[in-house]
$ cat data00.txt   # compact mmCIF, C-alpha atoms
# COMPACT_ATOMS: atom_id res chain seq x y z
CA MET A 1 0.00 0.00 0.00
CA ALA A 2 1.45 3.38 -0.98
CA ILE A 3 1.00 5.67 2.00
CA VAL A 4 0.92 9.44 1.51
CA PRO A 5 1.91 11.55 4.58
CA SER A 6 -1.62 12.84 5.29
CA MET A 7 -2.76 9.26 5.47
CA TYR A 8 -0.58 8.53 8.52
CA LEU A 9 -2.83 10.67 10.68
CA GLN A 10 -5.91 8.86 9.39
CA ILE A 11 -4.28 5.48 10.06
CA LEU A 12 -3.33 6.62 13.57
CA PHE A 13 -6.89 7.74 14.23
CA ASP A 14 -8.40 4.46 12.99
CA LEU A 15 -5.88 2.47 15.06
CA ASP A 16 -6.77 4.48 18.16
CA ASN A 17 -10.46 3.81 17.57
CA LEU A 18 -9.67 0.13 17.16
CA LEU A 19 -7.81 0.01 20.48
CA ALA A 20 -10.51 2.07 22.23
CA ASP A 21 -13.30 -0.23 21.01
CA MET A 22 -11.45 -3.27 22.40
CA GLU A 23 -11.85 -1.72 25.85
CA GLU A 24 -15.59 -1.06 25.51
CA PRO A 25 -17.65 -3.32 27.82
CA GLY A 26 -20.28 -3.60 25.06
CA TYR A 27 -17.66 -4.87 22.66
CA LYS A 28 -16.18 -7.38 25.08
CA LYS A 29 -19.70 -8.71 25.71
CA ILE A 30 -20.09 -9.66 22.02
CA GLY A 31 -17.34 -12.23 22.59
CA PHE A 32 -14.64 -11.80 19.94
CA LYS A 33 -11.33 -13.27 21.01
CA ILE A 34 -8.60 -10.71 21.63
CA GLU A 35 -5.01 -11.80 22.11
CA ASP A 36 -3.08 -9.70 24.63
CA GLU A 37 0.24 -10.18 22.85
CA ALA A 38 -1.29 -8.94 19.61
CA THR A 39 -2.54 -5.81 21.38
CA MET A 40 1.09 -5.02 22.20
CA THR A 41 1.98 -5.44 18.51
CA ILE A 42 -0.67 -2.89 17.55
CA ILE A 43 0.58 -0.49 20.22
CA LYS A 44 4.09 -0.92 18.78
CA ALA A 45 2.75 -0.23 15.27
CA ARG A 46 1.13 2.90 16.67
CA THR A 47 4.43 4.05 18.21
CA ASP A 48 6.20 3.48 14.87
CA LEU A 49 3.52 5.45 13.10
CA LEU A 50 4.01 8.42 15.43
CA GLN A 51 7.61 8.71 14.18
CA LYS A 52 6.30 9.43 10.69
CA ILE A 53 4.09 12.35 11.76
CA PRO A 54 5.48 15.83 12.58
CA LYS A 55 6.07 16.14 16.35
CA GLU A 56 3.91 19.24 16.78
CA LEU A 57 1.00 17.51 15.07
CA VAL A 58 1.42 14.41 17.25
CA SER A 59 1.44 16.61 20.35
CA ASN A 60 -1.76 18.40 19.25
CA TYR A 61 -3.36 15.09 18.34
CA GLU A 62 -2.59 13.55 21.74
CA LEU A 63 -3.91 16.62 23.58
CA LEU A 64 -7.13 16.55 21.55
CA LYS A 65 -7.48 12.81 22.11
CA LYS A 66 -7.13 13.30 25.86
CA ARG A 67 -9.74 16.06 25.80
CA TYR A 68 -12.31 14.64 23.41
CA ARG A 69 -11.45 10.91 23.08
CA ARG A 70 -11.56 11.31 19.30
CA ALA A 71 -9.11 13.95 18.03
CA ILE A 72 -10.36 14.06 14.45
CA ALA A 73 -13.84 15.11 13.38
CA PRO A 74 -15.27 14.56 9.90
CA VAL A 75 -16.86 17.52 8.13
CA GLU A 76 -20.43 16.92 7.01
CA ASN A 77 -22.30 19.53 4.97
CA GLY A 78 -20.03 22.29 6.25
CA PHE A 79 -20.40 21.29 9.91
CA CYS A 80 -17.74 19.97 12.26
CA PHE A 81 -19.05 16.57 13.36
CA GLY A 82 -17.24 16.89 16.67
CA CYS A 83 -18.95 20.03 18.01
CA PHE A 84 -21.72 20.33 15.35
CA GLN A 85 -20.88 23.97 14.68
CA GLU A 86 -21.01 25.36 11.15
CA LEU A 87 -17.56 25.96 9.72
CA PRO A 88 -16.53 29.19 7.98
CA THR A 89 -16.85 28.73 4.22
CA GLU A 90 -13.26 29.89 3.64
CA LEU A 91 -11.90 26.68 5.18
CA SER A 92 -10.57 24.86 2.17
CA THR A 93 -11.01 21.17 1.60
CA LYS A 94 -8.06 21.25 -0.78
CA SER A 95 -5.52 22.63 1.68
CA LYS A 96 -2.59 20.33 2.30
CA GLU A 97 -2.20 21.69 5.81
CA VAL A 98 -3.96 20.18 8.79
CA ILE A 99 -7.04 22.27 9.57
CA TYR A 100 -8.48 22.60 13.06
CA CYS A 101 -12.09 23.42 13.90
CA PRO A 102 -12.15 27.10 14.93
CA ASN A 103 -14.77 26.27 17.57
CA CYS A 104 -13.65 23.03 19.30
CA GLY A 105 -10.10 22.69 17.99
CA ARG A 106 -10.48 19.14 16.64
CA ILE A 107 -8.57 18.20 13.51
CA LEU A 108 -10.99 18.36 10.60
CA TYR A 109 -11.34 15.67 7.96
CA TRP A 110 -13.14 16.12 4.65
CA ARG A 111 -14.27 12.83 3.15
CA LYS A 112 -13.67 12.23 -0.51
CA LYS A 113 -16.82 12.53 -2.61
CA MET B 1 -23.05 -8.91 -1.70
CA ASN B 2 -20.72 -11.31 -3.49
CA LEU B 3 -21.61 -14.97 -3.08
CA GLN B 4 -18.85 -16.09 -5.46
CA ILE B 5 -15.56 -14.89 -3.94
CA ASN B 6 -12.81 -16.92 -5.59
CA SER B 7 -9.96 -15.66 -3.38
CA THR B 8 -8.43 -18.00 -0.85
CA LYS B 9 -6.07 -15.51 0.82
CA ASN B 10 -7.53 -13.67 3.79
CA GLU B 11 -6.25 -10.27 2.65
CA ASP B 12 -7.80 -10.74 -0.80
CA ILE B 13 -11.13 -11.72 0.71
CA ILE B 14 -11.14 -8.61 2.91
CA THR B 15 -10.21 -6.51 -0.14
CA ASP B 16 -13.07 -8.01 -2.12
CA LEU B 17 -15.51 -7.22 0.70
CA VAL B 18 -14.22 -3.65 1.16
CA TYR B 19 -14.43 -2.93 -2.58
CA GLN B 20 -18.16 -3.57 -2.32
CA ILE B 21 -18.27 -0.40 -0.21
CA LYS B 22 -15.29 1.83 -1.13
CA LYS B 23 -12.54 2.14 -3.70
CA GLY B 24 -9.16 3.92 -3.89
CA SER B 25 -7.34 5.35 -0.85
CA ASP B 26 -10.49 5.09 1.30
CA ALA B 27 -10.53 1.34 0.65
CA GLU B 28 -6.80 1.10 1.45
CA LEU B 29 -7.35 2.84 4.79
CA ILE B 30 -10.21 0.49 5.69
CA ILE B 31 -8.28 -2.63 4.60
CA HIS B 32 -5.28 -1.55 6.69
CA THR B 33 -7.44 -1.14 9.82
CA LEU B 34 -9.31 -4.41 9.21
CA LEU B 35 -6.05 -6.33 8.88
CA LYS B 36 -4.81 -4.75 12.12
CA ARG B 37 -8.07 -5.82 13.75
CA GLU B 38 -7.50 -9.39 12.56
CA GLU B 39 -4.00 -9.25 14.10
CA LEU B 40 -5.67 -8.68 17.48
CA GLY B 41 -7.53 -11.96 17.10
CA SER B 42 -9.49 -13.55 14.31
CA THR B 43 -13.05 -12.35 13.80
CA GLY B 44 -13.96 -15.88 12.76
CA ILE B 45 -16.77 -16.67 15.21
CA GLY B 46 -16.92 -20.36 14.33
CA LYS B 47 -19.07 -22.67 12.20
CA GLY B 48 -17.76 -21.19 8.97
CA ILE B 49 -18.55 -17.53 9.65
CA ALA B 50 -16.29 -14.49 10.11
CA ILE B 51 -17.28 -10.91 10.87
CA PRO B 52 -14.41 -8.54 10.03
CA HIS B 53 -15.17 -5.08 11.43
CA CYS B 54 -13.72 -1.72 12.36
CA ARG B 55 -14.45 1.98 12.56
CA SER B 56 -13.00 4.17 9.84
CA LEU B 57 -12.84 7.81 8.90
CA ALA B 58 -13.44 6.68 5.33
CA VAL B 59 -17.17 6.05 5.84
CA ASP B 60 -19.91 8.48 6.82
CA LYS B 61 -22.48 5.85 7.76
CA LEU B 62 -22.56 2.26 8.91
CA GLU B 63 -21.79 -0.01 5.96
CA ILE B 64 -22.24 -3.77 5.67
CA ALA B 65 -21.00 -6.11 2.96
CA VAL B 66 -21.56 -9.84 2.69
CA GLY B 67 -19.41 -12.38 0.90
CA ARG B 68 -19.21 -16.12 0.47
CA THR B 69 -16.10 -17.86 -0.78
CA THR B 70 -16.37 -20.61 -3.34
CA LYS B 71 -13.89 -22.67 -1.28
CA PRO B 72 -13.56 -22.85 2.53
CA VAL B 73 -10.59 -20.79 3.77
CA ASN B 74 -8.42 -21.01 6.85
CA TYR B 75 -9.28 -17.87 8.83
CA ASN B 76 -7.91 -18.92 12.23
CA ALA B 77 -11.49 -19.01 13.51
CA ILE B 78 -12.31 -19.60 17.16
CA ASP B 79 -13.28 -23.24 16.45
CA LYS B 80 -10.31 -23.69 14.06
CA LYS B 81 -12.74 -24.66 11.29
CA PRO B 82 -12.52 -23.12 7.79
CA VAL B 83 -14.69 -20.14 6.90
CA THR B 84 -16.88 -19.52 3.86
CA LEU B 85 -19.27 -16.77 4.94
CA PHE B 86 -18.15 -13.22 5.71
CA PHE B 87 -20.04 -10.24 7.09
CA LEU B 88 -18.07 -7.01 6.88
CA ILE B 89 -19.09 -4.09 9.09
CA ILE B 90 -17.54 -0.62 8.85
CA ALA B 91 -18.73 2.22 11.05
CA PRO B 92 -17.88 5.92 11.13
CA PRO B 93 -15.91 7.06 14.21
CA GLN B 94 -18.63 9.45 15.34
CA ASP B 95 -21.54 7.16 15.93
CA PRO B 96 -24.50 8.57 17.87
CA GLY B 97 -26.30 5.88 19.87
CA ASN B 98 -23.38 3.49 19.32
CA GLN B 99 -25.13 1.82 16.38
CA TYR B 100 -21.85 0.07 15.56
CA LEU B 101 -21.79 -2.17 18.63
CA ILE B 102 -25.55 -2.74 18.48
CA THR B 103 -25.35 -3.79 14.82
CA LEU B 104 -22.24 -5.89 15.45
CA GLY B 105 -24.03 -7.75 18.25
CA LYS B 106 -27.08 -8.25 16.05
CA ILE B 107 -25.05 -9.58 13.12
CA VAL B 108 -23.26 -12.03 15.43
CA GLN B 109 -26.68 -13.23 16.61
CA ILE B 110 -28.00 -13.57 13.03
CA ALA B 111 -24.80 -15.30 11.91
CA LYS B 112 -25.11 -17.86 14.70
CA GLU B 113 -28.69 -18.60 13.63
CA LEU B 114 -27.57 -18.88 10.01
CA THR B 115 -25.17 -21.68 10.94
CA LYS B 116 -28.17 -23.74 12.03
CA LYS B 117 -29.67 -23.58 8.52
CA SER B 118 -28.71 -26.57 6.41
CA ASN B 119 -29.55 -24.90 3.09
CA LEU B 120 -26.94 -22.15 3.44
CA ASP B 121 -24.67 -23.47 0.68
CA GLU B 122 -27.62 -23.85 -1.68
CA LEU B 123 -28.40 -20.13 -1.68
CA LYS B 124 -27.39 -18.82 -5.09
CA THR B 125 -28.57 -15.24 -5.24
CA ALA B 126 -28.41 -12.15 -3.03
CA ASP B 127 -32.22 -12.06 -2.92
CA GLU B 128 -32.39 -15.62 -1.56
CA PHE B 129 -29.78 -14.74 1.02
CA ILE B 130 -31.55 -11.55 2.11
CA ALA B 131 -34.87 -13.42 2.33
CA LEU B 132 -33.29 -15.95 4.70
CA ILE B 133 -31.78 -13.20 6.85
CA ASN B 134 -35.18 -11.49 7.04
CA ILE B 135 -36.76 -14.73 8.28
CA ILE B 136 -34.05 -15.11 10.94
CA GLU B 137 -34.48 -11.49 12.02
CA LYS B 138 -38.23 -11.99 12.43
CA ASP B 139 -37.67 -15.20 14.41
CA LEU B 140 -35.22 -13.44 16.70
CA ALA B 141 -37.64 -10.54 17.22
CA LYS B 142 -40.43 -13.00 18.16
CA ARG B 143 -38.22 -14.62 20.79
CA LYS B 144 -37.69 -11.30 22.59
$ encode --input "data00.txt" --output "structure tokens"
Amino acid sequence: MAIVPSMYLQILFDLDNLLADMEEPGYKKIGFKIEDEATMTIIKARTDLLQKIPKELVSNYELLKKRYRRAIAPVENGFCFGCFQELPTELSTKSKEVIYCPNCGRILYWRKK
Amino acid sequence: MNLQINSTKNEDIITDLVYQIKKGSDAELIIHTLLKREELGSTGIGKGIAIPHCRSLAVDKLEIAVGRTTKPVNYNAIDKKPVTLFFLIIAPPQDPGNQYLITLGKIVQIAKELTKKSNLDELKTADEFIALINIIEKDLAKRK
């Protein structure tokens, strides 16, 4: 798989959601088998991934994760799906920079159409 | 729904299932997360059924894909038996009401009922398959 830099953050976010779901009582109740050793492998993969993302971005991501549980919010119809506030129209979906919600501070993610 | 998956490699089967929902880099992101999920422990729940699942930024609503392989595959299932039937579930990260876990639980329940049906391999079309799932769903609802 060819990974572009912006994709690392998305992979990190999906991995974090994966690890968080494993801890959910509702998930455990369903009864899928989870191997403890494998969990450590995923945590290691996460640590390796962090090395590929700029330090400042990692630091912001971790702070947002601590505050909101999910650091990235998708944008739906011009709204941040983290705080449900309408976003200013000048926020560009084409920008290569990471864009934060001006209201809640979450990292914004525009899905491909 | 693809009831004629010819792949025998687990990664190819997951790719086939994901391509029913997404293509391109979105699909790659989902496949990557699903394979990581499988590393944590197989989602093969036994009796020939597996339920690969994850949350992903790449989807904006809960998505389900169904696939059946033409040959049984080794999926490291909980009962160590080969798998032929796959239910793929992908949920968005933001998920009001936690529909993901509710749906996952429901699919596991339906899948377990499906294993009791002897005519499973005889189902040829998506419509036949959906009709059977509808019957199971109604039966389960009656039992509540």
$ closest_residue --input "data00.txt" --among "B:Glu38, B:Asp12, B:Asp127, B:Glu63" --to "chain A" --atoms "only C-alpha atoms"
B:Glu38
$ atom_distance --input "data00.txt" --atom1 "atom CA of A:Lys55" --atom2 "atom CA of B:Pro93"
23.9 Å
$ closest_residue --input "data00.txt" --among "A:Glu76, A:Glu90, A:Asp48, A:Glu97" --to "A:Ile11" --atoms "all atoms listed in the file"
A:Asp48
$ closest_residue --input "data00.txt" --among "B:Val83, B:Ile89, B:Ile78, B:Ile49" --to "B:Glu113" --atoms "all atoms listed in the file"
B:Ile49
$ closest_residue --input "data00.txt" --among "A:Leu9, A:Ile43, A:Ile30, A:Met22" --to "B:Leu57" --atoms "all atoms listed in the file"
A:Leu9
$ closest_residue --input "data00.txt" --among "A:Lys66, A:Ile99, A:Leu108, A:Ile53" --to "chain B" --atoms "all atoms listed in the file"
A:Leu108
$ closest_residue --input "data00.txt" --among "A:Asp21, A:Asp16, A:Glu35, A:Glu86" --to "chain B" --atoms "all atoms listed in the file"
A:Glu35
$ residues_around --input "data00.txt" --residues "B:Gln99" --least-positions-apart "6" --cutoff "10 Å" --atoms "all atoms listed in the file" --output "JSON, numbers by chain"
{"B": [61, 62, 91, 92, 105]}
$ interface_residues --input "data00.txt" --of "chain A" --to "chain B" --cutoff "9 Å" --atoms "all atoms listed in the file" --output "number ranges by chain"
A: 1-3, 7, 10-11, 13-15, 17-19, 21, 26-27, 29-39, 41-42, 70, 72-74, 76, 81-82, 109, 111-112
$ atom_distance --input "data00.txt" --atom1 "atom CA of A:Cys80" --atom2 "atom CA of A:Cys101"
6.8 Å
$ atom_distance --input "data00.txt" --atom1 "atom CA of B:Leu3" --atom2 "atom CA of B:Asp139"
23.7 Å
$ residues_around --input "data00.txt" --residues "A:Val58" --least-positions-apart "2" --cutoff "12 Å" --atoms "all atoms listed in the file" --output "JSON, numbers by chain"
{"A": [8, 9, 12, 13, 46, 47, 49, 50, 51, 52, 53, 54, 55, 56, 60, 61, 62, 63, 64, 65, 71, 98, 107]}
$ residues_around --input "data00.txt" --residues "A:Leu87" --least-positions-apart "2" --cutoff "8 Å" --atoms "all atoms listed in the file" --output "number ranges by chain"
A: 78-80, 85, 89, 91, 101-102
$ residues_around --input "data00.txt" --residues "B:Thr115" --least-positions-apart "4" --cutoff "10 Å" --atoms "only C-alpha atoms" --output "ChimeraX atom specification"
/B:46-49,85,110-111,119-120
$ write_last_selection --input "data00.txt" --atoms "C-alpha atoms" --output "JSON list (two decimals), in the coordinates of the input"
[["chain", "number", "residue", "atom", "x", "y", "z"],
["B", 46, "GLY", "CA", -16.92, -20.36, 14.33],
["B", 47, "LYS", "CA", -19.07, -22.67, 12.20],
["B", 48, "GLY", "CA", -17.76, -21.19, 8.97],
["B", 49, "ILE", "CA", -18.55, -17.53, 9.65],
["B", 85, "LEU", "CA", -19.27, -16.77, 4.94],
["B", 110, "ILE", "CA", -28.00, -13.57, 13.03],
["B", 111, "ALA", "CA", -24.80, -15.30, 11.91],
["B", 119, "ASN", "CA", -29.55, -24.90, 3.09],
["B", 120, "LEU", "CA", -26.94, -22.15, 3.44]]
$ residues_around --input "data00.txt" --residues "B:Glu122" --least-positions-apart "3" --cutoff "12 Å" --atoms "all atoms listed in the file" --output "MDAnalysis selection string"
chainID B and resid 3 68 70 117:119 125:126 128:129 132
